[in-house]
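Pasted below: entry02.txt, compact mmCIF, C-alpha atoms.
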```
# COMPACT_ATOMS: atom_id res chain seq x y z
CA MET A 109 70.09 89.88 56.00
CA LYS A 110 73.24 89.47 53.95
CA HIS A 111 74.38 93.01 54.84
CA ARG A 112 73.55 92.42 58.50
CA SER A 113 75.55 89.17 58.56
CA THR A 114 78.49 90.90 56.94
CA PHE A 115 78.33 93.70 59.52
CA LEU A 116 78.24 91.25 62.43
CA ALA A 117 81.17 89.36 60.98
CA LEU A 118 83.19 92.54 60.74
CA VAL A 119 82.35 93.50 64.34
CA LEU A 120 83.37 90.03 65.56
CA ALA A 121 86.63 90.23 63.63
CA ALA A 122 87.38 93.64 65.11
CA LEU A 123 86.75 92.38 68.64
CA LEU A 124 89.11 89.49 68.09
CA LEU A 125 91.84 91.98 67.22
CA VAL A 126 91.47 93.87 70.53
CA PRO A 127 94.13 92.64 73.00
CA ALA A 128 92.92 91.14 76.25
CA THR A 129 93.09 93.53 79.19
CA SER A 130 95.42 92.74 82.08
CA LYS A 131 93.94 91.07 85.12
CA ALA A 132 92.27 93.50 87.51
CA ALA A 133 93.73 93.74 91.00
CA ASP A 134 92.18 91.53 93.69
CA LEU A 135 93.42 93.79 96.49
CA LEU A 136 93.98 97.56 96.59
CA ILE A 137 96.35 98.88 99.26
CA ALA A 138 97.00 102.48 100.33
CA GLN A 139 100.54 102.35 101.72
CA ALA A 140 102.63 105.00 103.50
CA ALA A 141 105.76 105.55 101.41
CA ASN A 142 108.29 104.68 104.14
CA PHE A 143 107.22 101.03 104.05
CA MET A 144 107.74 100.67 100.30
CA PRO A 145 111.04 98.71 100.47
CA ALA A 146 109.45 96.10 102.74
CA MET A 147 106.26 95.96 100.68
CA LYS A 148 108.28 95.24 97.56
CA GLU A 149 109.00 91.87 99.21
CA ILE A 150 105.77 91.37 101.15
CA ILE A 151 103.46 91.78 98.15
CA PRO A 152 105.16 89.14 95.95
CA ALA A 153 105.21 86.75 98.92
CA PHE A 154 101.48 87.31 99.50
CA GLN A 155 100.70 86.88 95.80
CA LYS A 156 102.67 83.65 95.70
CA ALA A 157 100.87 82.32 98.79
CA THR A 158 97.35 83.27 97.67
CA GLY A 159 97.36 83.71 93.91
CA LEU A 160 95.76 87.13 94.39
CA GLU A 161 96.84 90.17 92.37
CA VAL A 162 97.78 93.19 94.52
CA GLN A 163 98.02 96.85 93.59
CA ALA A 164 99.60 99.28 96.06
CA SER A 165 99.58 103.09 95.97
CA TYR A 166 102.46 104.74 97.83
CA SER A 167 102.30 108.29 99.18
CA SER A 168 102.32 110.26 102.41
CA THR A 169 99.85 109.18 105.07
CA GLY A 170 98.05 112.52 104.91
CA LYS A 171 97.55 112.37 101.15
CA LEU A 172 96.31 108.78 101.27
CA TYR A 173 93.92 109.66 104.09
CA GLY A 174 92.57 112.52 101.98
CA GLN A 175 91.95 110.14 99.09
CA ILE A 176 90.20 107.63 101.35
CA ILE A 177 87.75 110.13 102.85
CA ASN A 178 86.99 111.20 99.28
CA ASP A 179 85.93 107.63 98.45
CA ALA A 180 89.06 106.26 96.78
CA PRO A 181 88.38 102.51 96.39
CA PHE A 182 91.07 101.07 98.67
CA ASP A 183 90.72 97.87 100.70
CA VAL A 184 93.46 98.35 103.28
CA PHE A 185 95.14 101.49 104.62
CA LEU A 186 98.66 101.04 106.02
CA ALA A 187 99.52 104.42 107.52
CA ALA A 188 102.70 105.80 109.06
CA ASP A 189 100.86 106.97 112.16
CA GLU A 190 98.07 105.92 114.51
CA ARG A 191 95.98 109.07 114.22
CA ARG A 192 94.49 108.69 110.75
CA PRO A 193 93.40 105.02 111.06
CA ALA A 194 91.94 105.87 114.50
CA LYS A 195 90.00 108.75 112.94
CA LEU A 196 88.63 106.50 110.19
CA PHE A 197 87.51 103.99 112.83
CA ALA A 198 85.91 106.70 114.98
CA ASP A 199 84.04 107.98 111.93
CA GLY A 200 82.74 104.51 111.12
CA GLN A 201 84.79 104.21 107.92
CA SER A 202 87.05 101.32 108.92
CA GLU A 203 87.39 98.22 111.03
CA LYS A 204 89.40 98.48 114.25
CA PRO A 205 93.01 99.58 113.54
CA PHE A 206 96.06 97.54 114.51
CA VAL A 207 99.80 98.32 114.71
CA TYR A 208 101.81 96.65 111.95
CA ALA A 209 105.23 98.33 112.31
CA ARG A 210 107.34 100.70 114.40
CA GLY A 211 109.74 102.75 112.34
CA GLN A 212 112.90 104.71 113.08
CA ILE A 213 114.39 107.92 111.68
CA VAL A 214 117.93 108.22 110.32
CA LEU A 215 119.97 111.09 108.94
CA TRP A 216 121.23 109.82 105.56
CA SER A 217 123.92 111.34 103.33
CA LEU A 218 125.95 110.53 100.22
CA ASP A 219 128.93 112.14 101.95
CA LYS A 220 130.20 109.53 104.38
CA ASN A 221 132.08 112.18 106.36
CA ASN A 222 128.70 113.40 107.60
CA CYS A 223 128.25 110.16 109.53
CA LYS A 224 131.51 110.58 111.45
CA LYS A 225 130.20 113.61 113.35
CA ASP A 226 127.40 114.33 115.77
CA TRP A 227 124.22 114.70 113.70
CA LYS A 228 123.32 118.01 115.31
CA GLY A 229 126.68 119.46 114.33
CA VAL A 230 126.22 118.19 110.80
CA LEU A 231 122.93 120.09 110.46
CA LEU A 232 124.55 123.31 111.66
CA SER A 233 127.68 122.91 109.52
CA PRO A 234 128.17 125.63 106.85
CA SER A 235 128.97 122.86 104.35
CA VAL A 236 125.43 121.49 104.67
CA LYS A 237 123.25 123.79 102.59
CA LYS A 238 120.08 121.70 102.22
CA ILE A 239 118.41 119.34 104.71
CA ALA A 240 115.60 117.21 103.31
CA ILE A 241 112.64 116.51 105.57
CA ALA A 242 109.16 115.15 104.89
CA ASN A 243 106.14 117.44 105.23
CA THR A 244 105.68 117.83 108.98
CA GLU A 245 101.88 118.07 108.68
CA THR A 246 101.05 115.19 106.33
CA ALA A 247 104.02 112.80 106.75
CA PRO A 248 104.54 111.30 110.24
CA TYR A 249 108.26 110.73 109.58
CA GLY A 250 108.56 114.46 108.98
CA THR A 251 106.82 115.13 112.29
CA ALA A 252 109.20 112.77 114.09
CA ALA A 253 112.24 114.47 112.54
CA MET A 254 110.93 117.89 113.55
CA LYS A 255 110.41 116.71 117.15
CA ALA A 256 113.95 115.34 117.28
CA MET A 257 115.39 118.66 116.10
CA GLN A 258 113.23 120.60 118.55
CA LYS A 259 114.41 118.35 121.38
CA ALA A 260 118.01 118.93 120.30
CA ASN A 261 117.41 122.72 120.15
CA VAL A 262 118.44 123.04 116.48
CA TRP A 263 115.02 123.35 114.82
CA GLU A 264 114.95 127.15 114.68
CA ASP A 265 118.57 127.34 113.53
CA VAL A 266 118.08 125.19 110.42
CA GLN A 267 114.85 126.68 109.06
CA SER A 268 116.57 128.30 106.07
CA LYS A 269 118.16 124.98 105.07
CA LEU A 270 115.04 122.81 105.07
CA ALA A 271 113.83 121.29 101.80
CA TYR A 272 110.42 119.66 102.19
CA GLY A 273 109.33 116.48 100.43
CA GLN A 274 105.70 115.43 100.25
CA SER A 275 106.60 111.92 101.38
CA ILE A 276 109.52 110.16 103.02
CA ALA A 277 110.26 108.49 99.67
CA GLN A 278 110.69 111.91 98.05
CA VAL A 279 113.00 112.98 100.87
CA PHE A 280 115.19 109.96 100.20
CA HIS A 281 115.20 110.84 96.51
CA PHE A 282 116.42 114.36 97.34
CA ALA A 283 119.28 112.92 99.40
CA VAL A 284 120.23 110.17 96.93
CA THR A 285 120.36 112.54 93.96
CA GLY A 286 122.35 115.16 95.87
CA SER A 287 119.54 117.71 95.74
CA ALA A 288 119.97 117.80 99.52
CA ASP A 289 123.20 117.31 101.46
CA VAL A 290 121.46 115.20 104.10
CA GLY A 291 117.96 113.87 104.61
CA PHE A 292 115.84 112.67 107.52
CA CYS A 293 114.87 109.31 106.05
CA ALA A 294 113.14 106.12 107.13
CA TYR A 295 115.53 103.51 108.49
CA SER A 296 114.13 101.09 105.88
CA SER A 297 115.68 103.14 103.06
CA VAL A 298 119.27 102.38 104.14
CA PHE A 299 118.84 98.72 103.23
CA THR A 300 118.05 99.45 99.59
CA ASP A 301 120.69 99.44 96.83
CA GLU A 302 120.59 103.26 96.74
CA GLY A 303 120.78 103.47 100.52
CA LYS A 304 123.94 101.41 100.63
CA LYS A 305 125.72 104.04 98.52
CA GLY A 306 125.70 106.51 101.39
CA CYS A 307 125.88 106.49 105.18
CA PHE A 308 123.44 107.07 108.01
CA THR A 309 123.12 107.97 111.66
CA VAL A 310 120.18 106.67 113.70
CA ILE A 311 118.43 109.58 115.42
CA ASP A 312 118.05 108.08 118.88
CA ASN A 313 116.08 110.94 120.36
CA ALA A 314 113.45 110.83 117.61
CA PRO A 315 110.21 109.14 118.71
CA LEU A 316 109.45 105.77 117.16
CA VAL A 317 106.92 106.13 114.38
CA ILE A 318 104.04 103.85 115.37
CA GLN A 319 102.41 102.67 112.17
CA SER A 320 98.81 101.54 112.25
CA ALA A 321 96.62 99.88 109.61
CA CYS A 322 92.94 99.24 109.05
CA VAL A 323 90.55 97.53 106.65
CA LEU A 324 88.13 100.03 105.15
CA LYS A 325 84.38 99.52 105.50
CA LYS A 326 83.88 100.23 101.79
CA ALA A 327 86.60 97.76 100.78
CA PRO A 328 85.83 96.42 97.27
CA HIS A 329 87.56 93.14 98.16
CA PRO A 330 86.91 92.42 101.88
CA ASP A 331 87.88 88.73 101.70
CA ALA A 332 91.24 89.51 100.10
CA ALA A 333 91.77 92.29 102.66
CA ALA A 334 91.17 89.83 105.51
CA LYS A 335 93.69 87.41 104.03
CA PHE A 336 96.29 90.16 103.72
CA VAL A 337 95.82 91.30 107.32
CA LYS A 338 96.31 87.71 108.47
CA PHE A 339 99.41 87.40 106.27
CA LEU A 340 100.96 90.47 107.93
CA SER A 341 101.22 88.54 111.19
CA THR A 342 103.15 85.61 109.72
CA PRO A 343 106.79 84.86 110.59
CA GLU A 344 107.67 85.45 106.92
CA VAL A 345 106.47 89.06 107.07
CA GLN A 346 108.05 89.61 110.49
CA ALA A 347 111.40 88.56 109.05
CA ILE A 348 110.99 91.04 106.19
CA LYS A 349 110.13 93.84 108.63
CA ASN A 350 113.17 93.02 110.76
CA LYS A 351 115.33 93.10 107.65
CA TYR A 352 114.29 96.70 106.98
CA GLY A 353 114.80 97.95 110.52
CA TYR A 354 111.23 97.92 111.80
CA LYS A 355 110.56 97.01 115.41
```

Could you render the structure from this file as C-alpha cells?
Amino acid sequence: MKHRSTFLALVLAALLLVPATSKAADLLIAQAANFMPAMKEIIPAFQKATGLEVQASYSSTGKLYGQIINDAPFDVFLAADERRPAKLFADGQSEKPFVYARGQIVLWSLDKNNCKKDWKGVLLSPSVKKIAIANTETAPYGTAAMKAMQKANVWEDVQSKLAYGQSIAQVFHFAVTGSADVGFCAYSSVFTDEGKKGCFTVIDNAPLVIQSACVLKKAPHPDAAAKFVKFLSTPEVQAIKNKYGYK
C-alpha cells in the first residue's frame, strides 16, 4: 500500500505540473480569404458581445468547400460565391444560404504610376511583367477578374504574365511584396496598412462577387452558429463591411 500511495502521489504531482490547455473554440468558421480584413474586426466584436471564443480558417472558397465535404468540423461557411453554399444546401449538408456581402475587384500596385493609366493599358504595358490573379477555378475573385479581362479583350494577351495565387489573400501578398507588378485584389485589401502603401483602380466592368454563407448541418456548435448569423445582420457589422468596401 505504501508503494501504491507513493506512486499515486507522484502521478498527482506530475499532473499538477502540466500547464492548463487553452480554451477550446466555441465557434469554428470557414471563411473566404477576401473577407479576412473585415473579419479581423467582426470576430473581436462578436466575442466581446457574447463571450464566445471564435476560431476562423481562411482560404479560397474552393479549398474550404473541399474540406467541408470531407467532414471538416466547421459550424459556419462564409464563401466568396453563391454556388458552393447552394450546393451544400441542395445536398442536405447545410441550412438555407444567405448573402452576407457583395465584393468588388481592384487592380492594386506598389507603383502608383500604374493607377494613373487605364487598367487595360497597364496590363499590356511591357513594364508589367507579372500580373497576380487568384485561381480562376477555386477562388471566385479570380473568376471575376478573368471575366473582366475577357470582357475587355485582354485575357488572351496577358496569359504569359499571369501569376496564380491559391486565394485572394495570396494574390495580395504577391503584389505587396513586389513578386507581381500588379494584382487583381479584393477591394477590402486596400483599406489595410499594407494596402495603403500602394494604389488601386476599381475594375468597374468586373461582376460584383456575391458572397453567400450557410450554417452546416453537422455544426459542432449550432447555438453559437445561430448567434453569429444573427450578429452578421447588426448595424455594427454593416458598418465594418462598409468600411472595407463591401456593398

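Comparing the minimum interatomic distances between A:Asp179 and each of A:Ala314, A:Gln258, A:Gln201, A:Gly273, counting all atoms listed in the file, we find that A:Gln201 sits nearest.
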
Mind checking which residues fall within 10 Å of A:Asn221, counting all atoms listed in the file, ignoring those fewer than 5 positions away in the same chain, and posting them as a PyMOL selection string?
chain A and resi 230+306-307

Would you kindly return, as a PyMOL selection string, each protein, DNA or RNA residue with an atom no farther than 8 Å from any atom of A:Pro145, considering only C-alpha atoms and excluding same-chain residues fewer than 6 positions away?
chain A and resi 296-297+300+352

Atom CA of A:Val310 to atom CA of A:Gln212: how many Å, to one decimal?
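Answer for the atom CA of A:Val310 to atom CA of A:Gln212 separation: 7.6 Å.
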
Leaving out stretch 164-175 of chain A and any residue of its chain fewer than 4 positions from it, which residues lie within 9 Å of it when counting only C-alpha atoms, given as a VMD selection string?
chain A and resid 135 to 144 147 151 179 to 181 185 to 189 192 to 193 196 242 to 243 245 to 248 274 to 277
